[in-house]
Protein chains: 2
Amino acid sequence: MTGEHTATLDDVARAAGVSRATASRVVTGQGPASPRARDRVTAAVAALGYVPDASARALVTRTGTRLAIAVIGHTAAVLDDPYVGRVLTSAAHVAAEREVGVSLHWLPLADPGSLARLADGRGLGGLVVVNPTRPALESVPRTLRGRVAAVGVGARHVPSFDVDNRAGTDGVVRHLVRTGRRRIAMVTGPAWLPCCDRAVDAYRRVLRDSGAEPRVVTGDFTAARGAEAATEIMARWPDTDAVFALSDLTALGVLDGLHALGVRVPGDVAVAGFDDIAFAGLSRPALTTSTHPVEDIAAAAAQAVLDRRDISGATFYPSALVVRDSA
Amino acid sequence: MTGEHTATLDDVARAAGVSRATASRVVTGQGPASPRARDRVTAAVAALGYVPDASARALVTRTGTRLAIAVIGHTAAVLDDPYVGRVLTSAAHVAAEREVGVSLHWLPLADPGSLARLADGRGLGGLVVVNPTRPALESVPRTLRGRVAAVGVGARHVPSFDVDNRAGTDGVVRHLVRTGRRRIAMVTGPAWLPCCDRAVDAYRRVLRDSGAEPRVVTGDFTAARGAEAATEIMARWPDTDAVFALSDLTALGVLDGLHALGVRVPGDVAVAGFDDIAFAGLSRPALTTSTHPVEDIAAAAAQAVLDRRDISGATFYPSALVVRDSA
DNA sequence: CCCATACATGGAAGCGCTTCCACCGCAATA
DNA sequence: TATTGCGGTGGAAGCGCTTCCATGTATGGG
């Protein structure tokens with residue numbers, strides 16, 4: 001009230017005519033307090049516009065109540081994708097339900113060590129790492145052990161949550177085979193993401209079963225790269241009759257690239273993606289893809305961390321084939 | 001090291017054989033310290049894996065260095081849109097450059113008062129409010145005065161940054177008129193967002209100039225609503241020859257809805273959106289729209305807050321017409 | 001009417017850190 | 001040799017809060 005001074009608990013106590021201890025009890029709602037004291041303190045809080053200092057509180061309670069979300073790989077490719085936004089949104093939602101704050105950290109792929117600095121202070125309830133790499137996870141300070149989870153599968157010792165893209169890929173590629181495609185190319189994601197290996201593996205397996213040769217091109221989950229990849233694929237293997245991209249965004253780029261080449265979809269070449277993003281159903285032709293329950297996955301990671309549930313190992317969420325027009 | 005105990009500055013000082021004061025000076029790099037002391041403390045820090053406690057530090061320095069980002073309107077409509085993700089990303093990037101942490105807050109539209117609680121602790125460098133509403137901004141505690149900026153135009157007394165959707169709308173609608181459309185309908189955004197008023201106003205103005213009647217339908221920035229809106233519009237005004245949606249997502253929904261109705265785009269009806277999201281260029285037909293420099297806007301807001309630059313009033317960022325196939 | 005019991009309350013300690021201040025020893029100066 | 005000055009140092013205070021503990025003060029039963 002009086003100019004610049006920010007009200008402290010002492011001010012409240014003095015205004016209410018009680019001790020600081022009593023004021024604290026009322027404010028936190030912990031411990032006994034008479035109705036009279038309760039009223040007076042409440043009134044004082046309102047009058048002074050008192051807001052407890054989180055730092056001071058965290059200092060004494062040691063009850064770090066903040067969820068840190070660290071996103072590895074601060075590149076345009078990562079940012080354009082709706083993926084990160086969905087993860088953030090969902091994790092923040094879970095945190096909000098539990099009334100814990102969320103802090104956001106964007107880490108360059110090259111410097112995972114910054115993850116250590118991030119855990120400054122014990123005022124941290126937990127850490128969710130998005131796009132975890134092994135070096136990044138290994139740089140997590142000991143202090144946080146048991147309060148870390150990963151969205152995406154990275155290292156063994158951290159509970160991880162990801163879509164079962166092995167099964168998802170299997171489903172998509174089998175669908176392509178089932179509908180008569182044989183010369184199927186695949187556009188993967190960035191090499192540093194472990195998820196890609198599993199997917200490529202599944203793709204190879206299905207092709208082997210149907211006696212076809214794998215045709216793999218590395219992508220980066222962007223649409224632009226998808227368009228390029230389409231051109232590369234058609235130049236290198238002109239008889240290709242299907243393209244599977246490990247990201248819808250990329251698949252949409254492929255659609256675009258093929259269109260520019262005058263290739264008809266699905267007439268000449270079938271196209272399938274992965275993720276079932278909002279736009280997948282809106283493209284022409286509407287994209288055949290496999291679902292990716294990003295929100296569920298991110299929520300699970302946040303919950304595991306905040307509820308201190310010990311879920312060791314990797315948990316895979318099912319991915320369901322969505323057949324639309326493109327394949 | 002020794003089990004559960006987290007190293008404190010006292011431990012470091014003891015291990016280095018100096019006083020806590022000296023240890024603090026070395027760790028913070030402030031104040032004098034002999035090379036010998038410096039070395040010993042540095043070694044101790046490394047050996048013990050010491051990380052300063054941010055809460056304790058913030059408590060005494062009162063130098064709150066953290067950027068809070070509050071998103072008003074925690075609804076599915078807000079979340080599906082890539083918009084929030086882009087804002088977050090960009091603001092977090094600016095914060096990272098300045099080495100300040102970011103905290104994320106999801107606020108229900110109904111309870112803007114929670115903005116007050118959010119400013120718990122003086123450990124806050126600034127606040128960026130996304131989708132600001134007047135009640136929300138007015139609930140910002142006095143403590144933060146001068147360290148608040150808004151992404152989107154809400155209340156007068158807070159520096160705000162937004163796209164010039166008045167000019168943008170003007171550009172799009174004039175383009176529609178120029179290409180021979182006369183019976184132009186508009187799908188706006190949620191009523192509680194002030195930006196919509198300005199856009200609708202611009203739309204009305206252009207129509208008045210060309211002597212046409214306005215046809216306004218309220219949307220919510222989702223694709224689903226866009227599809228519905230298309231149906232409503234064609235039912236209510238069957239002779240409509242253009243639809244302008246204040247969001248690309250909605251415009252894509254309109255495209256979908258019209259397709260389902262057997263209406264050809266742009267043959268029968270032209271469709272235009274707003275935002276120029278990544279997917280706008282990938283739809284069939286590719287969407288005509290107007291740009292929305294979300295990243296620039298969010299970065300400007302974050303900078304204004306963190307650099308304590310006093311930019312009063314609203315700053316509007318230009319929106320450029322992007323003509324593609326749909327109009 | 002008195003004691004045991006519960007509840008309400010204030011004093012005080014202490015969370016981990018920064019920083020003021022007084023102090024000490026040393027080199028440079030008179 | 002006696003003085004000044006200064007960089008290096010440790011003691012101690014205190015940031016705003018929670019919480020243990022001891023001290024009252026009403027209430028019930030005996």
# chains A, B, ... in the order shown; residues from 1 in each chain; ligands from 1
>>> residues_around(residues="DA27 of chain C", least_positions_apart="6", cutoff="12 Å", atoms="only C-alpha atoms (C1' of nucleotides)", output="list in words")
DT4, DG5, DC6 and DG7 of chain D
>>> write_last_selection(atoms="C-alpha atoms (C1' of nucleotides)", output="PDB file, in the first residue's frame")
ATOM      1  C1'  DT D   4      49.232   4.584   5.566  1.00  0.00           C
ATOM      2  C1'  DG D   5      46.604   1.939   2.238  1.00  0.00           C
ATOM      3  C1'  DC D   6      44.675  -2.019   0.374  1.00  0.00           C
ATOM      4  C1'  DG D   7      43.381  -6.643  -1.006  1.00  0.00           C
TER       5       DG D   7
END
>>> closest_atom_pairs(of="chain B", to="chain C", cutoff="7 Å", atoms="only C-alpha atoms (C1' of nucleotides)", output="tab-separated table")
residue	atom	partner	partner_atom	distance
B:Thr8	CA	C:DG16	C1'	7.0
B:Asp53	CA	C:DG16	C1'	6.8
B:Ala56	CA	C:DC17	C1'	5.1
B:Arg57	CA	C:DC17	C1'	5.2
B:Val60	CA	C:DT18	C1'	6.2
B:Thr61	CA	C:DT18	C1'	6.8
>>> interface_residues(of="chain B", to="chain D", cutoff="12 Å", atoms="only C-alpha atoms (C1' of nucleotides)", output="count of residues only")
28
>>> select_by_dssp(residues="segment 244-317 of chain A", states="helix (DSSP H, G or I)", output="NGL selection string")
:A and (248-261 or 278-282 or 294-306)
>>> write_last_selection(atoms="C-alpha atoms", output="mmCIF file, in the first residue's frame")
data_model
loop_
_atom_site.group_PDB
_atom_site.id
_atom_site.type_symbol
_atom_site.label_atom_id
_atom_site.label_comp_id
_atom_site.auth_asym_id
_atom_site.auth_seq_id
_atom_site.Cartn_x
_atom_site.Cartn_y
_atom_site.Cartn_z
ATOM 1 C CA ASP A 248 2.695 -36.115 -40.741
ATOM 2 C CA LEU A 249 4.334 -32.802 -41.404
ATOM 3 C CA THR A 250 6.895 -34.536 -43.560
ATOM 4 C CA ALA A 251 4.202 -36.613 -45.230
ATOM 5 C CA LEU A 252 2.363 -33.432 -46.135
ATOM 6 C CA GLY A 253 5.594 -32.152 -47.614
ATOM 7 C CA VAL A 254 5.875 -35.376 -49.581
ATOM 8 C CA LEU A 255 2.337 -34.836 -50.831
ATOM 9 C CA ASP A 256 3.365 -31.399 -51.963
ATOM 10 C CA GLY A 257 6.580 -32.601 -53.580
ATOM 11 C CA LEU A 258 4.798 -35.365 -55.470
ATOM 12 C CA HIS A 259 2.148 -32.934 -56.606
ATOM 13 C CA ALA A 260 4.854 -30.685 -58.010
ATOM 14 C CA LEU A 261 6.303 -33.690 -59.829
ATOM 15 C CA ALA A 278 -4.949 -31.925 -36.693
ATOM 16 C CA PHE A 279 -4.200 -31.121 -40.318
ATOM 17 C CA ALA A 280 -3.881 -34.715 -41.401
ATOM 18 C CA GLY A 281 -7.592 -34.980 -42.020
ATOM 19 C CA LEU A 282 -7.731 -31.653 -43.805
ATOM 20 C CA VAL A 294 1.085 -37.039 -27.440
ATOM 21 C CA GLU A 295 -1.123 -35.556 -24.759
ATOM 22 C CA ASP A 296 -1.502 -38.878 -22.964
ATOM 23 C CA ILE A 297 2.199 -39.514 -23.126
ATOM 24 C CA ALA A 298 3.194 -36.105 -21.833
ATOM 25 C CA ALA A 299 0.595 -36.278 -19.086
ATOM 26 C CA ALA A 300 1.852 -39.686 -18.022
ATOM 27 C CA ALA A 301 5.414 -38.421 -17.807
ATOM 28 C CA ALA A 302 4.369 -35.397 -15.785
ATOM 29 C CA GLN A 303 2.262 -37.518 -13.468
ATOM 30 C CA ALA A 304 4.997 -40.074 -12.943
ATOM 31 C CA VAL A 305 7.337 -37.311 -11.909
ATOM 32 C CA LEU A 306 4.981 -35.315 -9.743
#
>>> closest_residue(among="A:Gly313, A:Gly29, A:Pro82, A:Gly211", to="chain B", atoms="only C-alpha atoms")
A:Pro82
>>> residues_around(residues="Ala199 of chain B", least_positions_apart="2", cutoff="12 Å", atoms="only C-alpha atoms (C1' of nucleotides)", output="ChimeraX atom specification")
/B:163-173,186-189,191,193-197,201-206,216,244-247,274
>>> atom_distance(atom1="atom CA of Pro159 of chain A", atom2="atom CA of Ala314 of chain A")
5.7 Å
>>> select_by_dssp(residues="segment 16-256 of chain B", states="strand (DSSP E)", output="VMD selection string")
chain B and resid 66 to 72 101 to 107 126 to 130 148 to 151 160 to 163 184 to 187 215 to 217 242 to 245
>>> write_last_selection(atoms="N, CA and C atoms", output="mmCIF file, in the first residue's frame")
data_model
loop_
_atom_site.group_PDB
_atom_site.id
_atom_site.type_symbol
_atom_site.label_atom_id
_atom_site.label_comp_id
_atom_site.auth_asym_id
_atom_site.auth_seq_id
_atom_site.Cartn_x
_atom_site.Cartn_y
_atom_site.Cartn_z
ATOM 1 N N ARG B 66 13.112 -14.309 -13.596
ATOM 2 C CA ARG B 66 12.338 -15.401 -14.160
ATOM 3 C C ARG B 66 11.226 -14.757 -14.958
ATOM 4 N N LEU B 67 10.980 -15.275 -16.124
ATOM 5 C CA LEU B 67 9.913 -14.722 -16.939
ATOM 6 C C LEU B 67 8.698 -15.628 -16.844
ATOM 7 N N ALA B 68 7.597 -15.072 -16.398
ATOM 8 C CA ALA B 68 6.375 -15.863 -16.325
ATOM 9 C C ALA B 68 5.548 -15.614 -17.579
ATOM 10 N N ILE B 69 5.058 -16.667 -18.144
ATOM 11 C CA ILE B 69 4.176 -16.540 -19.295
ATOM 12 C C ILE B 69 2.822 -17.095 -18.896
ATOM 13 N N ALA B 70 1.823 -16.258 -18.945
ATOM 14 C CA ALA B 70 0.492 -16.691 -18.555
ATOM 15 C C ALA B 70 -0.403 -16.729 -19.784
ATOM 16 N N VAL B 71 -1.002 -17.875 -20.008
ATOM 17 C CA VAL B 71 -1.915 -18.001 -21.134
ATOM 18 C C VAL B 71 -3.335 -18.031 -20.609
ATOM 19 N N ILE B 72 -4.108 -17.051 -21.022
ATOM 20 C CA ILE B 72 -5.496 -16.969 -20.572
ATOM 21 C C ILE B 72 -6.374 -17.803 -21.501
ATOM 22 N N GLY B 101 15.067 -17.892 -16.456
ATOM 23 C CA GLY B 101 14.167 -19.022 -16.538
ATOM 24 C C GLY B 101 12.793 -18.592 -17.017
ATOM 25 N N VAL B 102 12.010 -19.549 -17.414
ATOM 26 C CA VAL B 102 10.660 -19.261 -17.877
ATOM 27 C C VAL B 102 9.694 -20.106 -17.078
ATOM 28 N N SER B 103 8.643 -19.503 -16.622
ATOM 29 C CA SER B 103 7.616 -20.332 -16.016
ATOM 30 C C SER B 103 6.318 -20.133 -16.772
ATOM 31 N N LEU B 104 5.560 -21.202 -16.810
ATOM 32 C CA LEU B 104 4.406 -21.280 -17.677
ATOM 33 C C LEU B 104 3.157 -21.373 -16.826
ATOM 34 N N HIS B 105 2.129 -20.642 -17.193
ATOM 35 C CA HIS B 105 0.921 -20.674 -16.381
ATOM 36 C C HIS B 105 -0.303 -20.714 -17.271
ATOM 37 N N TRP B 106 -1.105 -21.695 -17.018
ATOM 38 C CA TRP B 106 -2.305 -21.872 -17.813
ATOM 39 C C TRP B 106 -3.488 -21.399 -17.010
ATOM 40 N N LEU B 107 -4.143 -20.350 -17.440
ATOM 41 C CA LEU B 107 -5.204 -19.792 -16.615
ATOM 42 C C LEU B 107 -6.566 -20.001 -17.243
ATOM 43 N N GLY B 126 9.490 -10.742 -14.784
ATOM 44 C CA GLY B 126 8.474 -10.105 -15.600
ATOM 45 C C GLY B 126 7.378 -11.071 -15.970
ATOM 46 N N LEU B 127 6.365 -10.530 -16.583
ATOM 47 C CA LEU B 127 5.182 -11.322 -16.905
ATOM 48 C C LEU B 127 4.704 -11.001 -18.315
ATOM 49 N N VAL B 128 4.505 -12.044 -19.083
ATOM 50 C CA VAL B 128 3.921 -11.870 -20.408
ATOM 51 C C VAL B 128 2.563 -12.553 -20.402
ATOM 52 N N VAL B 129 1.542 -11.804 -20.718
ATOM 53 C CA VAL B 129 0.193 -12.349 -20.714
ATOM 54 C C VAL B 129 -0.261 -12.606 -22.145
ATOM 55 N N VAL B 130 -0.660 -13.828 -22.414
ATOM 56 C CA VAL B 130 -1.121 -14.181 -23.741
ATOM 57 C C VAL B 130 -2.643 -14.229 -23.749
ATOM 58 N N VAL B 148 5.261 -5.904 -17.044
ATOM 59 C CA VAL B 148 4.235 -6.724 -17.662
ATOM 60 C C VAL B 148 4.050 -6.297 -19.111
ATOM 61 N N ALA B 149 3.890 -7.250 -19.990
ATOM 62 C CA ALA B 149 3.543 -6.947 -21.368
ATOM 63 C C ALA B 149 2.544 -7.985 -21.836
ATOM 64 N N ALA B 150 1.810 -7.643 -22.881
ATOM 65 C CA ALA B 150 0.785 -8.549 -23.357
ATOM 66 C C ALA B 150 1.021 -8.930 -24.809
ATOM 67 N N VAL B 151 0.751 -10.187 -25.100
ATOM 68 C CA VAL B 151 0.730 -10.633 -26.489
ATOM 69 C C VAL B 151 -0.737 -10.668 -26.879
ATOM 70 N N SER B 160 1.223 -3.603 -25.207
ATOM 71 C CA SER B 160 0.686 -4.768 -25.896
ATOM 72 C C SER B 160 1.301 -4.911 -27.281
ATOM 73 N N PHE B 161 1.394 -6.141 -27.723
ATOM 74 C CA PHE B 161 1.960 -6.419 -29.028
ATOM 75 C C PHE B 161 1.022 -7.359 -29.753
ATOM 76 N N ASP B 162 0.658 -6.973 -30.946
ATOM 77 C CA ASP B 162 -0.262 -7.828 -31.677
ATOM 78 C C ASP B 162 -0.071 -7.600 -33.169
ATOM 79 N N VAL B 163 -0.669 -8.505 -33.924
ATOM 80 C CA VAL B 163 -0.627 -8.312 -35.366
ATOM 81 C C VAL B 163 -1.656 -7.246 -35.714
ATOM 82 N N ILE B 184 -19.543 -11.746 -49.333
ATOM 83 C CA ILE B 184 -18.454 -12.291 -48.516
ATOM 84 C C ILE B 184 -18.869 -12.494 -47.061
ATOM 85 N N ALA B 185 -18.730 -13.709 -46.595
ATOM 86 C CA ALA B 185 -19.037 -14.001 -45.194
ATOM 87 C C ALA B 185 -17.742 -14.036 -44.387
ATOM 88 N N MET B 186 -17.879 -13.819 -43.076
ATOM 89 C CA MET B 186 -16.699 -13.853 -42.213
ATOM 90 C C MET B 186 -16.956 -14.735 -40.993
ATOM 91 N N VAL B 187 -15.956 -15.559 -40.651
ATOM 92 C CA VAL B 187 -16.017 -16.345 -39.416
ATOM 93 C C VAL B 187 -15.013 -15.721 -38.449
ATOM 94 N N ARG B 215 -21.901 -10.516 -43.362
ATOM 95 C CA ARG B 215 -22.447 -11.814 -42.964
ATOM 96 C C ARG B 215 -21.467 -12.422 -41.979
ATOM 97 N N VAL B 216 -21.712 -12.194 -40.703
ATOM 98 C CA VAL B 216 -20.744 -12.599 -39.692
ATOM 99 C C VAL B 216 -21.222 -13.797 -38.879
ATOM 100 N N VAL B 217 -20.349 -14.762 -38.730
ATOM 101 C CA VAL B 217 -20.620 -15.934 -37.905
ATOM 102 C C VAL B 217 -19.499 -16.025 -36.871
ATOM 103 N N ALA B 242 -17.769 -16.040 -51.030
ATOM 104 C CA ALA B 242 -16.446 -16.018 -50.391
ATOM 105 C C ALA B 242 -16.610 -16.133 -48.883
ATOM 106 N N VAL B 243 -15.655 -16.821 -48.255
ATOM 107 C CA VAL B 243 -15.651 -16.913 -46.795
ATOM 108 C C VAL B 243 -14.259 -16.529 -46.299
ATOM 109 N N PHE B 244 -14.251 -15.585 -45.360
ATOM 110 C CA PHE B 244 -12.991 -15.188 -44.744
ATOM 111 C C PHE B 244 -13.022 -15.608 -43.278
ATOM 112 N N ALA B 245 -12.040 -16.406 -42.886
ATOM 113 C CA ALA B 245 -11.971 -16.840 -41.485
ATOM 114 C C ALA B 245 -10.774 -16.171 -40.833
#
